[in-house]
Amino acid sequence: MSYIKRRQFIQFAGSALATMGISQLDIMRQGERYAKALAQDTPRKLALLVGINDYKNSIPTLGGCLTDVSLQKELLTNRFGFNAKNILTLTDSQATRQGILQAFDEHLIKQAKPGDVVIFHFSGHGSRVKDKDMPGGLNGTIVPVDSSLPPNGGVVQDIMGGTLFLLMYALQTTNVTVVLDCCYSGGTKRGNFAVRSRDGGSNFLPSKDEYETQRKLLERIPLSQQDFITKRRQNVAKGIVITAAKSDQFAVDGQFSDFRAGAFTYALTQYLWQVNSNEAFAKTFAYVRHNARTIAWNTGGFQEAEIERNITNLNSPLYFLPPKATPAEAVVTGVNGNQVNLWLGGIEPQSLEGFNKSATLTIIDEKGEARGHVQIESRQGLFAKGKLLDNTRTQTALAKGTFLQERIRTIPKDITLKIGLDDSSLDSNIIAQAKQALQTIPGIEALPLRQKEVQYIFGRMTQAKYQELQKQKIPNLPAIGSFGLFTPTLDTIIVNSFDDAGETLNTAVQRLQPKLKSFWAARMVKNILGNKNTSKINISVSMIIADSQEPLANTFTPRGAKTNNDNGNQSAPSKPVSISDSGIPKLPLDTKIAFYVHNQESVPLYVTILGIDSAGDIGNLFPYDWSEEPILAASIAGGDKVLIPKAEHQRSGTRINIGEPLGFSEILIIASPTPLRDLLEKLQAIAVSQGQAGKRSVITATGDEFLDLTNNLLDDLDRSTRGGILVENIQLPEGERGVDTTKLAVISIPFEVVS
């Protein structure tokens, strides 16, 4: 499969590369020149990154803010060419009020010249204090480590938004980006997550030191008090300010795999590892917002980032810098012989479990060409250790900063669907019983909250939850006292997962078993296998309204595209029916949809399209003609662009209608150049069992059937992967199933069903 070639910094040498006509000296010289170009100091690139987990003085601790600092530091150093000496980090005890203000002054204000690039990032708690000069009488704050939480209000050592305005205003450059991964809504816990806000409001007052800091800054700028009030009501001081959530939403301190991070910071930095064009900030932000919404959706949260800007050039890229390298999933952080340390910041969080032992990454040179492979031996969070695969059995030295792209992800044998047990609605005795009952279901792992990542929460509908959900105007709420499933933030119920209030716990678990099996299978397909950004298969898909041909969503695989000036993310429709803030189409009931699938390869692709609704039910949308051989029905010839369902079939009654339940649903498109024989034969068998043989019809799969389909798919992909990697001497252990980016594309189109 083809992929885009871009310039990329890499230094490595040895006889393996010498056989390709590339000498150690050539690579080192090219790498040094490229490193200097990335790290040039004109314009200078300065960053101040602040992260606070270990709060004191009655303020709840957090878990992901130091990870956020690492996420940004690795991104800025490796993707945007910052010199490490120009990135100042303040974490935990360093991030006092005075420490942050002094660092902003010394590191940013006193060093930045006109035209330089400045980034300030804060991850920690946000709050609000009384401010008579602001509409509503409140001013947002960031909470330093030495602030406090007075039980009945009082003076706090917060840094006000007004002070941050003046600090930005004092910078000589306009190329300023401020990222605030915190929020101002109350609450410290939401289900499995912590919330990045400390209580605040009109009872909380700024300190005298805060007003004195503002007075000194006004004199230094200079700016009158009235001009200051007027300007900060009108706009941000300069540049771009991004906040992780709206004022009435929660910024999630989330659990991902085996580490914590800010949901927004992870979404932001992971996207910027993948973008491969110098796109305007507004477009980047739209995609980042969508990416953050997708991460929040997958983890059960709901937050919509916001952006404010005061710039003249609307085509400026985010951070006021274009990315200088090809997209990547990983970067080399250290080398010892053939042992390699990696940072995996470019991998989507829901796919991380596919990058444990035996997963293989391709070494990329500065032209985007493959120059060897590294195989992972262990992973902890976003840090991994691997070994260099040397087909010539000679040692090859890799340089720190070398980029790697996914080649083979592995499917863990012990992958589970993790169900959290709600300690706010279940007592310890019920929790113990629920854990025992749930873990009798194959593939299900029941866990206490706030220790590991969970996909759903098992709990009971309480009076408090009922009233909270009523305020959100959620229809058809279950009875108080009934058992069912919630999202990981406990702010949304899983449709059709509750029953009567008198149902026993064991009966509820037994009733939920098919749904949990479907969720488990769906997780393996859409999360573990989802590889739109990394697949080398060249395919694009558009979802349209069938009758009007109105576009709803467009998506494609950027690394599969032979010619591509975009970044491969889902683009907004030109004439939407209705689009949410995060770019997700809202489709009314009975909307008739169809798909254009364009196989841009020169060989046939075998395509399956699945629909997964908000209740976890699965429908197979393509192939749908069970009068044909399954392999023929699923095949799309090289270069063909086909309408699904075909126009003549639509006229004869074969339609895809949007139906209940309401809520978020998803379309999954699975494509492979290798016939997925086991999968297609199983689909044919289900069609026969449902009386659809010889007909054209969408079929549905139960929990057990979908599990079987998933295992059939994994077996198909593993066989094709093993057959393709033999010539490259990449080894996969027996019993470990692998998926090759040249053999699979799994891309999704989310949408919301509305009444």
# chains A, B, ... in the order shown; residues from 1 in each chain; ligands from 1
call {"tool": "select_by_dssp", "arguments": {"residues": "range 106-235 of chain A", "states": "alpha helix (DSSP H)", "output": "short mmCIF file (atom, residue, chain, number, x, y, z; two decimals) with C-alpha atoms, in the first residue's frame"}}
result
data_model
loop_
_atom_site.label_atom_id
_atom_site.label_comp_id
_atom_site.auth_asym_id
_atom_site.auth_seq_id
_atom_site.Cartn_x
_atom_site.Cartn_y
_atom_site.Cartn_z
CA GLY A 161 -8.08 35.55 34.61
CA GLY A 162 -7.47 39.30 34.71
CA THR A 163 -3.89 38.76 35.86
CA LEU A 164 -3.32 36.22 33.10
CA PHE A 165 -4.69 38.82 30.64
CA LEU A 166 -2.10 41.36 31.79
CA LEU A 167 0.73 38.82 31.65
CA MET A 168 -0.18 38.02 28.06
CA TYR A 169 -0.57 41.72 27.25
CA ALA A 170 2.98 42.36 28.52
CA LYS A 208 -4.28 41.63 48.25
CA ASP A 209 -1.14 40.29 46.56
CA GLU A 210 -3.20 39.52 43.47
CA TYR A 211 -4.44 43.09 43.18
CA GLU A 212 -0.92 44.36 43.82
CA THR A 213 0.41 42.16 41.00
CA GLN A 214 -2.20 43.62 38.66
CA ARG A 215 -1.32 47.18 39.72
CA LYS A 216 2.37 46.64 38.98
CA LEU A 217 1.64 45.07 35.62
CA LEU A 218 -0.64 47.99 34.66
CA GLU A 219 2.16 50.45 35.46
CA ARG A 220 4.70 48.38 33.54
CA GLN A 225 -7.41 50.60 35.04
CA GLN A 226 -10.38 51.56 32.86
CA ASP A 227 -8.65 50.50 29.64
CA PHE A 228 -7.79 47.20 31.31
CA ILE A 229 -11.44 46.61 32.27
CA THR A 230 -12.65 47.55 28.80
CA LYS A 231 -10.12 45.41 26.90
CA ARG A 232 -10.55 42.25 28.92
CA ARG A 233 -14.34 42.45 28.53
CA GLN A 234 -13.88 42.73 24.77
#
call {"tool": "residues_around", "arguments": {"residues": "Asp613 in chain A", "least_positions_apart": "2", "cutoff": "7 Å", "atoms": "only C-alpha atoms", "output": "ChimeraX atom specification"}}
result
/A:611,615-618,664-666
call {"tool": "residues_around", "arguments": {"residues": "Ile749 in chain A", "least_positions_apart": "5", "cutoff": "9 Å", "atoms": "only C-alpha atoms", "output": "ChimeraX atom specification"}}
result
/A:543,553-555,570,584,665-669
call {"tool": "atom_distance", "arguments": {"atom1": "CA of Glu369 in chain A", "atom2": "CA of Thr326 in chain A"}}
result
10.1 Å
call {"tool": "residues_around", "arguments": {"residues": "range 270-275 of chain A", "least_positions_apart": "4", "cutoff": "7 Å", "atoms": "only C-alpha atoms", "output": "JSON, numbers by chain"}}
result
{"A": [79, 266, 288, 327, 328, 345, 346, 347, 348, 567]}
call {"tool": "residues_around", "arguments": {"residues": "Val597 in chain A", "least_positions_apart": "5", "cutoff": "7 Å", "atoms": "only C-alpha atoms", "output": "JSON, numbers by chain"}}
result
{"A": [540, 541, 542, 641, 642, 643]}
call {"tool": "closest_residue", "arguments": {"among": "A:Asp146, A:Asp427, A:Glu366, A:Glu660", "to": "Glu752 in chain A", "atoms": "only C-alpha atoms"}}
result
A:Glu660
call {"tool": "closest_residue", "arguments": {"among": "A:Gly254, A:Gly723, A:Gly201, A:Gly639", "to": "Thr742 in chain A", "atoms": "only C-alpha atoms"}}
result
A:Gly723
call {"tool": "residues_around", "arguments": {"residues": "Gln439 in chain A", "least_positions_apart": "4", "cutoff": "12 Å", "atoms": "only C-alpha atoms", "output": "CSV table (one decimal) with all heavy atoms, in the first residue's frame"}}
result
chain,number,residue,atom,x,y,z
A,416,THR,N,-10.4,-7.3,28.1
A,416,THR,CA,-11.7,-7.4,28.8
A,416,THR,C,-12.5,-6.2,28.6
A,416,THR,O,-11.9,-5.1,28.2
A,416,THR,CB,-11.5,-7.7,30.3
A,416,THR,OG1,-10.7,-6.6,30.8
A,416,THR,CG2,-10.7,-9.0,30.5
A,417,LEU,N,-13.8,-6.3,28.8
A,417,LEU,CA,-14.6,-5.1,29.0
A,417,LEU,C,-14.7,-4.8,30.5
A,417,LEU,O,-15.1,-5.6,31.3
A,417,LEU,CB,-16.0,-5.4,28.4
A,417,LEU,CG,-17.0,-4.2,28.5
A,417,LEU,CD1,-16.7,-3.2,27.4
A,417,LEU,CD2,-18.4,-4.7,28.4
A,418,LYS,N,-14.2,-3.6,30.8
A,418,LYS,CA,-14.0,-3.3,32.3
A,418,LYS,C,-15.3,-2.5,32.7
A,418,LYS,O,-15.6,-1.5,32.2
A,418,LYS,CB,-12.8,-2.5,32.5
A,418,LYS,CG,-11.5,-3.2,32.1
A,418,LYS,CD,-10.3,-2.4,32.1
A,418,LYS,CE,-9.0,-3.2,31.8
A,418,LYS,NZ,-9.1,-3.7,30.4
A,419,ILE,N,-15.9,-3.1,33.8
A,419,ILE,CA,-17.1,-2.5,34.3
A,419,ILE,C,-16.8,-2.0,35.7
A,419,ILE,O,-16.4,-2.8,36.6
A,419,ILE,CB,-18.3,-3.6,34.4
A,419,ILE,CG1,-18.5,-4.2,33.0
A,419,ILE,CG2,-19.6,-3.0,34.9
A,419,ILE,CD1,-19.0,-3.3,32.0
A,420,GLY,N,-17.0,-0.7,35.9
A,420,GLY,CA,-16.9,-0.1,37.3
A,420,GLY,C,-18.1,-0.4,38.1
A,420,GLY,O,-19.2,-0.5,37.6
A,432,ALA,N,-19.7,-6.5,46.3
A,432,ALA,CA,-19.1,-7.8,46.3
A,432,ALA,C,-19.9,-8.8,45.5
A,432,ALA,O,-19.3,-9.6,44.7
A,432,ALA,CB,-18.9,-8.3,47.7
A,433,GLN,N,-21.2,-8.8,45.7
A,433,GLN,CA,-22.1,-9.7,44.9
A,433,GLN,C,-22.0,-9.4,43.4
A,433,GLN,O,-22.0,-10.3,42.6
A,433,GLN,CB,-23.5,-9.6,45.4
A,433,GLN,CG,-23.7,-10.1,46.9
A,433,GLN,CD,-25.1,-9.9,47.3
A,433,GLN,OE1,-26.1,-10.2,46.6
A,433,GLN,NE2,-25.3,-9.5,48.6
A,434,ALA,N,-22.1,-8.1,43.1
A,434,ALA,CA,-22.1,-7.7,41.7
A,434,ALA,C,-20.8,-8.1,41.0
A,434,ALA,O,-20.8,-8.5,39.9
A,434,ALA,CB,-22.3,-6.2,41.6
A,435,LYS,N,-19.7,-7.9,41.7
A,435,LYS,CA,-18.4,-8.3,41.1
A,435,LYS,C,-18.3,-9.8,40.8
A,435,LYS,O,-17.9,-10.2,39.7
A,435,LYS,CB,-17.2,-7.9,42.1
A,435,LYS,CG,-15.9,-8.3,41.6
A,435,LYS,CD,-14.8,-7.8,42.5
A,435,LYS,CE,-13.4,-8.2,42.0
A,435,LYS,NZ,-12.3,-7.7,42.8
A,443,GLY,N,-15.0,-12.5,29.5
A,443,GLY,CA,-14.5,-11.2,28.9
A,443,GLY,C,-14.9,-10.0,29.7
A,443,GLY,O,-14.6,-8.9,29.3
A,444,ILE,N,-15.6,-10.2,30.9
A,444,ILE,CA,-16.0,-9.1,31.7
A,444,ILE,C,-15.1,-9.0,33.0
A,444,ILE,O,-14.9,-10.0,33.6
A,444,ILE,CB,-17.5,-9.2,32.1
A,444,ILE,CG1,-18.3,-9.3,30.8
A,444,ILE,CG2,-17.9,-8.0,32.9
A,444,ILE,CD1,-18.2,-8.2,29.8
A,445,GLU,N,-14.6,-7.8,33.3
A,445,GLU,CA,-13.8,-7.6,34.5
A,445,GLU,C,-14.5,-6.5,35.3
A,445,GLU,O,-14.8,-5.4,34.8
A,445,GLU,CB,-12.4,-7.1,34.1
A,445,GLU,CG,-11.5,-6.9,35.2
A,445,GLU,CD,-10.1,-6.5,34.8
A,445,GLU,OE1,-9.9,-6.4,33.5
A,445,GLU,OE2,-9.2,-6.4,35.6
A,446,ALA,N,-14.9,-6.8,36.5
A,446,ALA,CA,-15.5,-5.8,37.4
A,446,ALA,C,-14.5,-5.2,38.3
A,446,ALA,O,-13.7,-5.9,39.0
A,446,ALA,CB,-16.6,-6.5,38.2
A,447,LEU,N,-14.6,-3.8,38.4
A,447,LEU,CA,-13.5,-3.1,39.1
A,447,LEU,C,-14.1,-2.0,40.0
A,447,LEU,O,-15.1,-1.5,39.7
A,447,LEU,CB,-12.6,-2.4,38.1
A,447,LEU,CG,-11.8,-3.3,37.2
A,447,LEU,CD1,-11.2,-2.5,36.0
A,447,LEU,CD2,-10.7,-4.1,37.9
A,506,ASN,N,-28.8,-10.5,40.7
A,506,ASN,CA,-28.4,-11.6,39.8
A,506,ASN,C,-29.3,-11.7,38.5
A,506,ASN,O,-28.8,-12.0,37.4
A,506,ASN,CB,-28.5,-13.0,40.5
A,506,ASN,CG,-27.4,-13.1,41.5
A,506,ASN,OD1,-26.3,-12.6,41.4
A,506,ASN,ND2,-27.6,-13.9,42.6
A,509,VAL,N,-27.9,-8.9,36.2
A,509,VAL,CA,-26.7,-9.3,35.5
A,509,VAL,C,-27.0,-10.3,34.4
A,509,VAL,O,-26.4,-10.2,33.3
A,509,VAL,CB,-25.7,-9.8,36.6
A,509,VAL,CG1,-24.5,-10.4,35.9
A,509,VAL,CG2,-25.2,-8.7,37.5
A,510,GLN,N,-27.8,-11.2,34.7
A,510,GLN,CA,-28.2,-12.2,33.7
A,510,GLN,C,-28.9,-11.5,32.5
A,510,GLN,O,-28.6,-11.9,31.3
A,510,GLN,CB,-29.1,-13.3,34.3
A,510,GLN,CG,-29.5,-14.4,33.4
A,510,GLN,CD,-28.3,-15.3,33.0
A,510,GLN,OE1,-27.4,-15.4,33.8
A,510,GLN,NE2,-28.3,-15.9,31.9
A,513,GLN,N,-26.3,-9.7,30.2
A,513,GLN,CA,-25.2,-10.5,29.7
A,513,GLN,C,-25.1,-10.4,28.1
A,513,GLN,O,-24.0,-10.1,27.6
A,513,GLN,CB,-25.4,-12.0,30.0
A,513,GLN,CG,-24.2,-12.9,29.5
A,513,GLN,CD,-24.3,-14.3,30.2
A,513,GLN,OE1,-24.6,-14.4,31.3
A,513,GLN,NE2,-23.9,-15.3,29.4
A,516,LEU,N,-23.6,-6.9,27.4
A,516,LEU,CA,-22.2,-6.8,27.8
A,516,LEU,C,-21.3,-7.5,26.7
A,516,LEU,O,-20.2,-7.1,26.4
A,516,LEU,CB,-22.0,-7.4,29.2
A,516,LEU,CG,-22.6,-6.5,30.3
A,516,LEU,CD1,-22.5,-7.3,31.6
A,516,LEU,CD2,-22.0,-5.1,30.4
call {"tool": "closest_residue", "arguments": {"among": "A:Leu268, A:Val129, A:Leu621, A:Val118", "to": "Ser207 in chain A", "atoms": "only C-alpha atoms"}}
result
A:Val129
call {"tool": "select_by_dssp", "arguments": {"residues": "range 413-506 of chain A", "states": "strand (DSSP E)", "output": "PyMOL selection string"}}
result
chain A and resi 417-421+444-448+456-460+483-486
call {"tool": "closest_atom_pairs", "arguments": {"of": "range 174-255 of chain A", "to": "range 450-463 of chain A", "cutoff": "8 Å", "atoms": "only C-alpha atoms", "output": "CSV"}}
result
residue,atom,partner,partner_atom,distance
A:Gly191,CA,A:Arg450,CA,7.7
A:Asn192,CA,A:Arg450,CA,4.7
A:Phe193,CA,A:Arg450,CA,6.3
A:Gln255,CA,A:Glu453,CA,5.0
call {"tool": "write_last_selection", "arguments": {"atoms": "C-alpha atoms", "output": "compact mmCIF listing (two decimals), in the first residue's frame"}}
result
# COMPACT_ATOMS: atom_id res chain seq x y z
CA GLY A 191 -17.97 8.44 38.36
CA ASN A 192 -14.56 7.06 37.43
CA PHE A 193 -13.01 10.50 36.92
CA GLN A 255 -8.11 7.36 33.33
call {"tool": "atom_distance", "arguments": {"atom1": "CA of Leu314 in chain A", "atom2": "CA of Leu76 in chain A"}}
result
21.9 Å
call {"tool": "atom_distance", "arguments": {"atom1": "CA of Pro43 in chain A", "atom2": "CA of Asp365 in chain A"}}
result
25.9 Å
call {"tool": "closest_residue", "arguments": {"among": "A:Gln98, A:Thr177, A:Asn57, A:Thr67", "to": "Pro150 in chain A", "atoms": "only C-alpha atoms"}}
result
A:Asn57
